[in-house]
$ cat target.csv   # CSV, C-alpha atoms
chain,number,residue,atom,x,y,z
L,19,MET,CA,-3.1,45.4,-98.8
L,20,ILE,CA,-0.6,47.9,-100.1
L,21,ARG,CA,0.6,47.6,-103.6
L,22,ILE,CA,4.1,49.0,-104.3
L,23,ALA,CA,5.3,49.4,-107.9
L,24,ALA,CA,9.1,49.9,-108.2
L,25,VAL,CA,11.8,50.3,-110.9
L,26,GLY,CA,15.3,51.8,-111.0
L,27,ASP,CA,18.0,52.6,-113.5
L,28,VAL,CA,15.6,53.9,-116.2
L,29,HIS,CA,18.3,56.3,-117.5
L,30,ILE,CA,16.0,58.7,-119.2
L,31,ASP,CA,17.1,61.0,-121.9
L,32,LYS,CA,15.4,62.5,-124.9
L,33,ASP,CA,15.7,59.2,-126.8
L,34,VAL,CA,13.8,57.3,-124.1
L,35,VAL,CA,10.9,59.6,-123.4
L,36,GLY,CA,7.6,57.9,-124.1
L,37,ARG,CA,8.8,54.3,-123.9
L,38,TYR,CA,7.7,53.8,-120.3
L,39,ARG,CA,4.6,56.0,-120.4
L,40,PRO,CA,2.1,53.5,-121.9
L,41,ALA,CA,2.8,51.0,-119.1
L,42,LEU,CA,2.9,53.8,-116.5
L,43,ASP,CA,-0.5,55.0,-117.4
L,44,GLU,CA,-1.8,51.6,-116.2
L,45,LEU,CA,-0.4,52.2,-112.7
L,46,PRO,CA,-3.6,53.4,-110.9
L,47,ASN,CA,-5.2,50.0,-111.6
L,48,LYS,CA,-2.1,48.0,-110.4
L,49,ALA,CA,-0.4,49.9,-107.6
L,50,ASP,CA,-0.9,52.5,-104.9
L,51,VAL,CA,2.5,54.1,-105.2
L,52,LEU,CA,5.6,54.1,-107.5
L,53,LEU,CA,9.1,54.0,-106.0
L,54,LEU,CA,12.1,55.0,-108.3
L,55,ALA,CA,15.4,53.5,-107.1
L,56,GLY,CA,17.8,56.0,-108.7
L,57,ASP,CA,19.7,56.5,-111.9
L,58,LEU,CA,16.7,58.3,-113.3
L,59,THR,CA,18.8,60.1,-115.9
L,60,ARG,CA,21.8,59.2,-118.0
L,61,HIS,CA,24.2,62.1,-117.1
L,62,GLY,CA,22.4,64.0,-114.4
L,63,THR,CA,21.6,67.1,-116.3
L,64,GLU,CA,18.7,69.4,-115.7
L,65,GLU,CA,17.4,68.8,-119.2
L,66,GLU,CA,17.3,65.1,-118.6
L,67,ALA,CA,15.5,65.7,-115.4
L,68,ARG,CA,12.8,67.5,-117.3
L,69,HIS,CA,12.4,64.3,-119.5
L,70,VAL,CA,12.1,62.2,-116.3
L,71,ALA,CA,9.4,64.6,-115.1
L,72,THR,CA,7.6,64.2,-118.4
L,73,GLU,CA,7.8,60.4,-118.2
L,74,PHE,CA,7.0,60.0,-114.5
L,75,GLY,CA,4.9,63.0,-113.6
L,76,GLY,CA,1.1,63.0,-113.3
L,77,LEU,CA,0.7,59.3,-113.1
L,78,GLY,CA,-2.4,59.2,-110.8
L,79,VAL,CA,-0.4,57.6,-108.0
L,80,PRO,CA,2.3,59.2,-105.7
L,81,VAL,CA,5.8,58.8,-107.0
L,82,ILE,CA,8.8,58.7,-104.6
L,83,ALA,CA,12.4,58.6,-105.7
L,84,VAL,CA,16.0,58.6,-104.7
L,85,LEU,CA,18.8,59.8,-106.9
L,86,GLY,CA,21.6,57.5,-108.2
L,87,ASN,CA,25.2,57.9,-109.2
L,88,HIS,CA,24.2,58.8,-112.8
L,89,ASP,CA,22.0,61.6,-111.4
L,90,HIS,CA,25.2,63.2,-109.8
L,91,GLN,CA,27.4,62.9,-112.9
L,92,SER,CA,27.0,66.5,-114.0
L,93,ASP,CA,27.2,67.9,-110.5
L,94,GLN,CA,23.6,69.1,-110.7
L,95,PRO,CA,21.8,67.0,-108.1
L,96,ASP,CA,20.0,70.0,-106.6
L,97,ALA,CA,18.8,71.1,-110.0
L,98,VAL,CA,17.7,67.6,-110.9
L,99,THR,CA,15.8,67.3,-107.6
L,100,ARG,CA,14.2,70.7,-108.1
L,101,VAL,CA,12.8,69.7,-111.5
L,102,LEU,CA,11.4,66.4,-110.1
L,103,VAL,CA,9.8,68.0,-107.1
L,104,ASP,CA,8.2,70.6,-109.3
L,105,ALA,CA,6.7,67.7,-111.2
L,106,GLY,CA,5.1,66.3,-108.1
L,107,ILE,CA,7.8,63.6,-107.5
L,108,THR,CA,9.0,63.3,-103.9
L,109,VAL,CA,12.8,63.0,-103.7
L,110,LEU,CA,14.3,61.5,-100.6
L,111,GLU,CA,17.8,61.8,-99.3
L,112,GLY,CA,18.1,61.0,-95.6
L,113,THR,CA,14.4,61.8,-95.3
L,114,GLY,CA,11.1,60.0,-95.2
L,115,THR,CA,7.5,60.5,-96.2
L,116,VAL,CA,4.2,58.9,-95.0
L,117,LEU,CA,1.3,58.1,-97.2
L,118,ASP,CA,-2.2,57.1,-96.2
L,119,ILE,CA,-3.2,54.2,-98.3
L,120,GLY,CA,-6.7,53.0,-97.6
L,121,GLY,CA,-6.4,53.9,-93.9
L,122,VAL,CA,-2.9,52.2,-93.6
L,123,LEU,CA,0.1,54.5,-93.1
L,124,LEU,CA,3.0,53.6,-95.4
L,125,GLY,CA,6.3,55.1,-94.5
L,126,VAL,CA,9.1,55.3,-97.0
L,127,ALA,CA,12.6,56.5,-96.1
L,128,GLY,CA,15.4,56.8,-98.7
L,129,VAL,CA,19.0,57.6,-99.5
L,130,LYS,CA,21.1,57.2,-102.6
L,131,GLY,CA,23.6,55.1,-100.6
L,132,PHE,CA,27.2,54.6,-101.4
L,133,GLY,CA,29.8,51.8,-101.8
L,134,GLY,CA,32.2,50.2,-99.5
L,135,GLY,CA,31.5,46.5,-99.7
L,136,PHE,CA,30.1,43.9,-97.3
L,137,ALA,CA,31.1,42.2,-94.1
L,138,GLY,CA,34.4,40.5,-94.3
L,139,LYS,CA,35.3,42.1,-97.7
L,140,CYS,CA,34.9,45.8,-97.2
L,141,ALA,CA,36.7,49.0,-96.9
L,142,SER,CA,37.5,50.3,-93.4
L,143,ASN,CA,37.7,53.7,-91.9
L,144,PHE,CA,41.4,53.6,-91.5
L,145,GLY,CA,44.6,54.8,-93.1
L,146,GLU,CA,44.8,57.6,-95.7
L,147,PRO,CA,42.5,60.6,-95.5
L,148,GLU,CA,41.1,59.6,-98.9
L,149,MET,CA,40.1,56.1,-97.6
L,150,LYS,CA,38.6,57.6,-94.4
L,151,ALA,CA,36.7,60.1,-96.4
L,152,PHE,CA,35.3,57.3,-98.7
L,153,VAL,CA,34.1,55.1,-95.8
L,154,GLY,CA,33.1,58.1,-93.8
L,155,THR,CA,30.7,59.0,-96.6
L,156,THR,CA,29.2,55.5,-96.5
L,157,GLU,CA,28.8,55.6,-92.8
L,158,LYS,CA,27.2,59.1,-92.8
L,159,ILE,CA,24.7,58.1,-95.5
L,160,ALA,CA,23.7,54.9,-93.8
L,161,ALA,CA,23.3,56.7,-90.5
L,162,SER,CA,20.9,59.2,-92.2
L,163,LEU,CA,18.9,56.3,-93.6
L,164,ALA,CA,18.6,54.8,-90.1
L,165,GLU,CA,17.5,58.1,-88.6
L,166,ALA,CA,14.9,58.6,-91.3
L,167,LEU,CA,13.5,55.1,-90.9
L,168,HIS,CA,13.3,55.4,-87.1
L,169,ALA,CA,11.6,58.8,-87.5
L,170,LEU,CA,8.7,57.4,-89.5
L,171,ASP,CA,5.4,57.2,-87.7
L,172,CYS,CA,3.5,54.7,-89.7
L,173,ASP,CA,2.1,51.2,-89.9
L,174,VAL,CA,4.6,49.7,-92.4
L,175,LYS,CA,8.1,50.9,-93.5
L,176,VAL,CA,9.9,50.6,-96.8
L,177,ALA,CA,13.5,51.5,-97.4
L,178,LEU,CA,14.5,52.9,-100.8
L,179,THR,CA,18.1,53.2,-101.9
L,180,HIS,CA,20.1,53.1,-105.1
L,181,TYR,CA,23.1,51.2,-103.8
L,182,ALA,CA,22.6,47.7,-102.6
L,183,PRO,CA,22.3,46.9,-98.8
L,184,VAL,CA,23.2,43.2,-99.2
L,185,PRO,CA,25.4,41.1,-101.6
L,186,ASP,CA,22.6,38.6,-102.4
L,187,THR,CA,21.1,40.9,-105.1
L,188,LEU,CA,24.5,41.4,-106.7
L,189,VAL,CA,25.0,37.8,-107.8
L,190,GLY,CA,25.8,38.0,-111.5
L,191,GLU,CA,28.0,41.0,-111.2
L,192,PRO,CA,31.8,40.6,-111.1
L,193,LEU,CA,32.9,40.1,-107.5
L,194,GLU,CA,35.6,42.7,-108.0
L,195,ILE,CA,33.0,45.5,-108.2
L,196,TYR,CA,30.8,44.5,-105.3
L,197,PRO,CA,32.4,47.2,-103.1
L,198,PHE,CA,31.2,49.8,-105.7
L,199,LEU,CA,27.7,48.5,-105.8
L,200,GLY,CA,26.7,48.7,-102.2
L,201,CYS,CA,27.6,48.4,-98.5
L,202,TYR,CA,26.7,46.4,-95.4
L,203,GLN,CA,26.0,49.6,-93.4
L,204,LEU,CA,22.8,50.2,-95.4
L,205,GLY,CA,21.7,46.7,-94.5
L,206,GLN,CA,22.4,47.4,-90.8
L,207,ALA,CA,20.3,50.6,-91.0
L,208,ILE,CA,17.4,48.7,-92.5
L,209,ASP,CA,17.6,45.9,-89.9
L,210,SER,CA,17.5,48.4,-87.1
L,211,ALA,CA,14.2,49.9,-88.0
L,212,GLY,CA,11.5,47.2,-88.5
L,213,VAL,CA,11.4,47.5,-92.3
L,214,ALA,CA,9.0,45.3,-94.3
L,215,LEU,CA,10.7,45.7,-97.7
L,216,ALA,CA,13.9,47.2,-99.0
L,217,LEU,CA,14.2,48.2,-102.7
L,218,HIS,CA,17.4,49.2,-104.6
L,219,GLY,CA,18.8,49.4,-108.1
L,220,HIS,CA,22.4,50.0,-109.5
L,221,ALA,CA,23.3,46.4,-110.1
L,222,HIS,CA,22.3,45.9,-113.8
L,223,HIS,CA,23.6,42.3,-113.9
L,224,GLY,CA,22.6,41.3,-110.4
L,225,THR,CA,19.7,39.2,-109.1
L,226,GLU,CA,16.3,40.4,-108.0
L,227,ARG,CA,15.9,38.7,-104.6
L,228,GLY,CA,17.8,38.9,-101.4
L,229,THR,CA,17.5,39.2,-97.7
L,230,THR,CA,19.2,41.2,-95.0
L,231,PRO,CA,20.9,39.4,-92.1
L,232,GLY,CA,17.9,40.4,-90.0
L,233,GLY,CA,15.5,38.8,-92.5
L,234,VAL,CA,14.1,41.8,-94.4
L,235,ARG,CA,13.1,41.2,-97.9
L,236,VAL,CA,15.4,43.0,-100.4
L,237,ARG,CA,14.6,43.5,-104.1
L,238,ASN,CA,16.8,44.8,-106.8
L,239,VAL,CA,14.5,46.6,-109.1
L,240,ALA,CA,17.0,47.8,-111.7
L,241,HIS,CA,15.2,47.8,-115.0
L,242,PRO,CA,17.8,45.5,-116.7
L,243,VAL,CA,17.1,43.0,-113.9
L,244,ILE,CA,13.3,43.1,-113.7
L,245,LYS,CA,13.0,43.6,-117.5
L,246,GLN,CA,9.7,45.4,-117.3
L,247,ALA,CA,8.4,48.9,-116.7
L,248,TYR,CA,8.0,48.1,-113.0
L,249,SER,CA,7.4,45.2,-110.6
L,250,VAL,CA,4.7,45.2,-108.0
L,251,TYR,CA,5.1,44.1,-104.4
L,252,HIS,CA,2.2,43.5,-102.0
L,253,LEU,CA,2.5,44.2,-98.3
L,254,LEU,CA,0.0,43.5,-95.5
L,255,ALA,CA,-1.7,40.8,-97.5
L,256,ASP,CA,-2.5,37.5,-95.9
L,257,GLU,CA,0.9,36.6,-97.3
L,258,ASP,CA,3.2,39.2,-98.8
L,259,THR,CA,3.4,38.6,-102.5
L,260,GLU,CA,5.0,39.8,-105.7
L,261,SER,CA,3.5,40.2,-109.1
L,262,ALA,CA,4.7,41.2,-112.5
L,263,GLY,CA,4.3,44.8,-113.7
L,264,SER,CA,3.8,45.8,-117.3
L,265,THR,CA,6.2,44.7,-119.9
L,266,LEU,CA,8.2,47.3,-121.8
L,267,ALA,CA,9.5,46.6,-125.2
L,268,HIS,CA,12.8,48.1,-126.4
L,269,ALA,CA,13.3,50.3,-123.3
L,270,GLY,CA,16.7,51.8,-122.8
L,271,HIS,CA,18.6,51.2,-119.5
$ encode --input "target.csv" --output "structure tokens"
Amino acid sequence: MIRIAAVGDVHIDKDVVGRYRPALDELPNKADVLLLAGDLTRHGTEEEARHVATEFGGLGVPVIAVLGNHDHQSDQPDAVTRVLVDAGITVLEGTGTVLDIGGVLLGVAGVKGFGGGFAGKCASNFGEPEMKAFVGTTEKIAASLAEALHALDCDVKVALTHYAPVPDTLVGEPLEIYPFLGCYQLGQAIDSAGVALALHGHAHHGTERGTTPGGVRVRNVAHPVIKQAYSVYHLLADEDTESAGSTLAHAGH
């Protein structure tokens, strides 16, 4: 059995440092790996990234992350990534990594993702250069996720994104902003690659559970949705299961 802890949208700054750590220190007894689904900082500064490194570094389990839109706000994603990597956190963007967990190879591929909407109610790569650039970005990112997932040589695959790959987990958000919360192309990439579990964040008022058109389990792990330091998902058990993580009182998001 593989135990995957996950959370997104922790929005760490100096005022939040220390609030997650007591629950995170319990991780080695509860999970084999921690996945962070983006929006790790509030404004995407190098200083905030150092606070993330303090909070999520040295946990006793591997930590794998993607960045979110907040982590790009100050146009310093490379600096943010560098600080996290220096703290031992693996940051994915169109890339993947494989972990040996008790003799089982777990592959994780990730991208930030992008918007665009979902089948039947989505932007199209047509018209003005600005629209074609927007949708072209979505398509390029989704293609990089598909490529990274297919390249994984492992026993079980997990997809990690910030933006949502399905509309199911957006229920609770205003319909008008669905196109800015995710895109169907991410779901297509996930369905193409034999993925066991897809995790994302971004939708603070969404719903935890969803499924891709191809039947892959999707979970929105944004902290305001799961309302705890992390949720734990079990793979390769007799029946894939989910369990609560550690509660976190008064955490910012």
$ closest_residue --input "target.csv" --among "L:Leu167, L:Val122, L:Ile195, L:Ile107" --to "L:Lys139" --atoms "only C-alpha atoms"
L:Ile195
$ residues_near_point --input "target.csv" --point "(2.7, 52.4, -99.5)" --cutoff "8 Å" --atoms "only C-alpha atoms" --output "PDB file with C-alpha atoms, in the frame of the given file"
ATOM      1  CA  ILE L  20      -0.600  47.900-100.100  1.00  0.00           C
ATOM      2  CA  ARG L  21       0.600  47.600-103.600  1.00  0.00           C
ATOM      3  CA  ILE L  22       4.100  49.000-104.300  1.00  0.00           C
ATOM      4  CA  ASP L  50      -0.900  52.500-104.900  1.00  0.00           C
ATOM      5  CA  VAL L  51       2.500  54.100-105.200  1.00  0.00           C
ATOM      6  CA  LEU L 117       1.300  58.100 -97.200  1.00  0.00           C
ATOM      7  CA  ASP L 118      -2.200  57.100 -96.200  1.00  0.00           C
ATOM      8  CA  ILE L 119      -3.200  54.200 -98.300  1.00  0.00           C
ATOM      9  CA  LEU L 123       0.100  54.500 -93.100  1.00  0.00           C
ATOM     10  CA  LEU L 124       3.000  53.600 -95.400  1.00  0.00           C
ATOM     11  CA  GLY L 125       6.300  55.100 -94.500  1.00  0.00           C
ATOM     12  CA  VAL L 126       9.100  55.300 -97.000  1.00  0.00           C
ATOM     13  CA  VAL L 174       4.600  49.700 -92.400  1.00  0.00           C
ATOM     14  CA  VAL L 176       9.900  50.600 -96.800  1.00  0.00           C
TER      15      VAL L 176
END
$ atom_distance --input "target.csv" --atom1 "atom CA of L:Gly26" --atom2 "atom CA of L:Gly219"
5.1 Å
$ residues_around --input "target.csv" --residues "L:Phe198" --least-positions-apart "2" --cutoff "9 Å" --atoms "only C-alpha atoms" --output "ChimeraX atom specification"
/L:132-135,181,194-196,200-201
$ atom_distance --input "target.csv" --atom1 "atom CA of L:Thr72" --atom2 "atom CA of L:His252"
27.0 Å
$ atom_distance --input "target.csv" --atom1 "atom CA of L:Thr63" --atom2 "atom CA of L:Gly86"
12.6 Å
$ closest_residue --input "target.csv" --among "L:Asn238, L:Lys245, L:Glu165, L:Val153" --to "L:Tyr202" --atoms "all atoms listed in the file"
L:Val153
$ closest_residue --input "target.csv" --among "L:Ala160, L:Met149, L:Ala97, L:Leu204" --to "L:Ala216" --atoms "only C-alpha atoms"
L:Leu204
$ closest_residue --input "target.csv" --among "L:Leu254, L:Pro192, L:Phe136, L:Tyr248" --to "L:Glu44" --atoms "only C-alpha atoms"
L:Tyr248
$ residues_around --input "target.csv" --residues "L:Ala161" --least-positions-apart "2" --cutoff "12 Å" --atoms "all atoms listed in the file" --output "VMD selection string"
chain L and resid 111 to 113 128 to 129 131 to 132 154 to 159 163 to 168 202 to 208 210 to 211
$ residues_around --input "target.csv" --residues "L:Ala24" --least-positions-apart "3" --cutoff "6 Å" --atoms "all atoms listed in the file" --output "MDAnalysis selection string"
chainID L and resid 52:54 248:249
$ decode --input "target.csv" --residues "stretch 74-170 of chain L" --atoms "C-alpha atoms" --output "tab-separated table (two decimals), in the first residue's frame"
chain	number	residue	atom	x	y	z
L	74	PHE	CA	7.76	21.94	4.46
L	75	GLY	CA	11.46	21.07	4.46
L	76	GLY	CA	13.00	18.20	6.41
L	77	LEU	CA	9.76	16.33	7.08
L	78	GLY	CA	11.14	12.81	7.02
L	79	VAL	CA	9.22	11.93	3.85
L	80	PRO	CA	9.79	13.06	0.24
L	81	VAL	CA	7.97	16.28	-0.69
L	82	ILE	CA	6.93	16.89	-4.31
L	83	ALA	CA	5.32	20.13	-5.48
L	84	VAL	CA	4.02	22.12	-8.40
L	85	LEU	CA	3.72	25.89	-8.39
L	86	GLY	CA	0.42	27.74	-8.61
L	87	ASN	CA	-0.69	31.08	-9.99
L	88	HIS	CA	0.14	32.86	-6.70
L	89	ASP	CA	3.68	31.53	-6.97
L	90	HIS	CA	4.02	33.41	-10.28
L	91	GLN	CA	2.58	36.72	-9.05
L	92	SER	CA	5.94	38.44	-8.51
L	93	ASP	CA	7.44	37.01	-11.71
L	94	GLN	CA	10.00	35.05	-9.69
L	95	PRO	CA	9.01	31.40	-10.31
L	96	ASP	CA	12.63	30.38	-10.97
L	97	ALA	CA	13.77	31.93	-7.69
L	98	VAL	CA	10.87	30.31	-5.82
L	99	THR	CA	11.70	26.95	-7.37
L	100	ARG	CA	15.39	27.28	-6.55
L	101	VAL	CA	14.68	27.98	-2.86
L	102	LEU	CA	12.35	24.98	-2.63
L	103	VAL	CA	14.76	22.64	-4.41
L	104	ASP	CA	17.58	23.76	-2.11
L	105	ALA	CA	15.35	22.71	0.80
L	106	GLY	CA	14.99	19.21	-0.66
L	107	ILE	CA	11.55	19.72	-2.21
L	108	THR	CA	11.12	18.34	-5.74
L	109	VAL	CA	9.35	20.86	-7.99
L	110	LEU	CA	7.71	19.54	-11.16
L	111	GLU	CA	6.75	21.43	-14.31
L	112	GLY	CA	6.24	19.17	-17.27
L	113	THR	CA	8.49	16.68	-15.50
L	114	GLY	CA	8.16	13.58	-13.37
L	115	THR	CA	9.91	11.71	-10.62
L	116	VAL	CA	9.85	8.10	-9.40
L	117	LEU	CA	10.06	6.96	-5.77
L	118	ASP	CA	10.66	3.46	-4.45
L	119	ILE	CA	8.13	2.93	-1.67
L	120	GLY	CA	8.54	-0.44	-0.06
L	121	GLY	CA	9.56	-2.00	-3.35
L	122	VAL	CA	6.73	-0.37	-5.31
L	123	LEU	CA	7.69	2.34	-7.79
L	124	LEU	CA	5.48	5.43	-7.48
L	125	GLY	CA	5.68	7.87	-10.38
L	126	VAL	CA	4.48	11.45	-10.03
L	127	ALA	CA	4.27	13.86	-12.95
L	128	GLY	CA	3.15	17.44	-12.55
L	129	VAL	CA	2.47	20.83	-14.08
L	130	LYS	CA	0.92	24.02	-12.82
L	131	GLY	CA	-1.74	23.79	-15.50
L	132	PHE	CA	-3.78	26.69	-16.87
L	133	GLY	CA	-7.34	27.79	-17.58
L	134	GLY	CA	-9.56	27.48	-20.60
L	135	GLY	CA	-12.68	25.69	-19.43
L	136	PHE	CA	-14.28	22.35	-20.07
L	137	ALA	CA	-15.84	20.50	-22.98
L	138	GLY	CA	-18.78	22.39	-24.43
L	139	LYS	CA	-18.02	25.58	-22.50
L	140	CYS	CA	-14.40	26.37	-23.24
L	141	ALA	CA	-12.14	28.78	-25.03
L	142	SER	CA	-10.93	27.74	-28.47
L	143	ASN	CA	-7.69	28.28	-30.33
L	144	PHE	CA	-9.29	30.63	-32.84
L	145	GLY	CA	-9.52	34.33	-33.53
L	146	GLU	CA	-7.37	37.06	-32.08
L	147	PRO	CA	-3.69	36.43	-31.32
L	148	GLU	CA	-4.42	36.98	-27.63
L	149	MET	CA	-7.02	34.21	-27.57
L	150	LYS	CA	-4.81	31.85	-29.55
L	151	ALA	CA	-1.94	32.57	-27.15
L	152	PHE	CA	-4.17	31.86	-24.14
L	153	VAL	CA	-5.44	28.52	-25.44
L	154	GLY	CA	-2.05	27.69	-26.91
L	155	THR	CA	-0.56	27.99	-23.43
L	156	THR	CA	-3.19	25.61	-22.09
L	157	GLU	CA	-2.53	23.08	-24.83
L	158	LYS	CA	1.24	23.29	-24.42
L	159	ILE	CA	1.09	22.73	-20.67
L	160	ALA	CA	-1.34	19.82	-21.00
L	161	ALA	CA	0.86	18.22	-23.65
L	162	SER	CA	3.85	18.49	-21.33
L	163	LEU	CA	1.87	16.74	-18.59
L	164	ALA	CA	0.93	13.93	-20.95
L	165	GLU	CA	4.54	13.54	-22.07
L	166	ALA	CA	5.80	13.46	-18.48
L	167	LEU	CA	3.19	10.91	-17.44
L	168	HIS	CA	3.94	8.62	-20.37
L	169	ALA	CA	7.67	8.84	-19.66
L	170	LEU	CA	7.29	7.49	-16.12
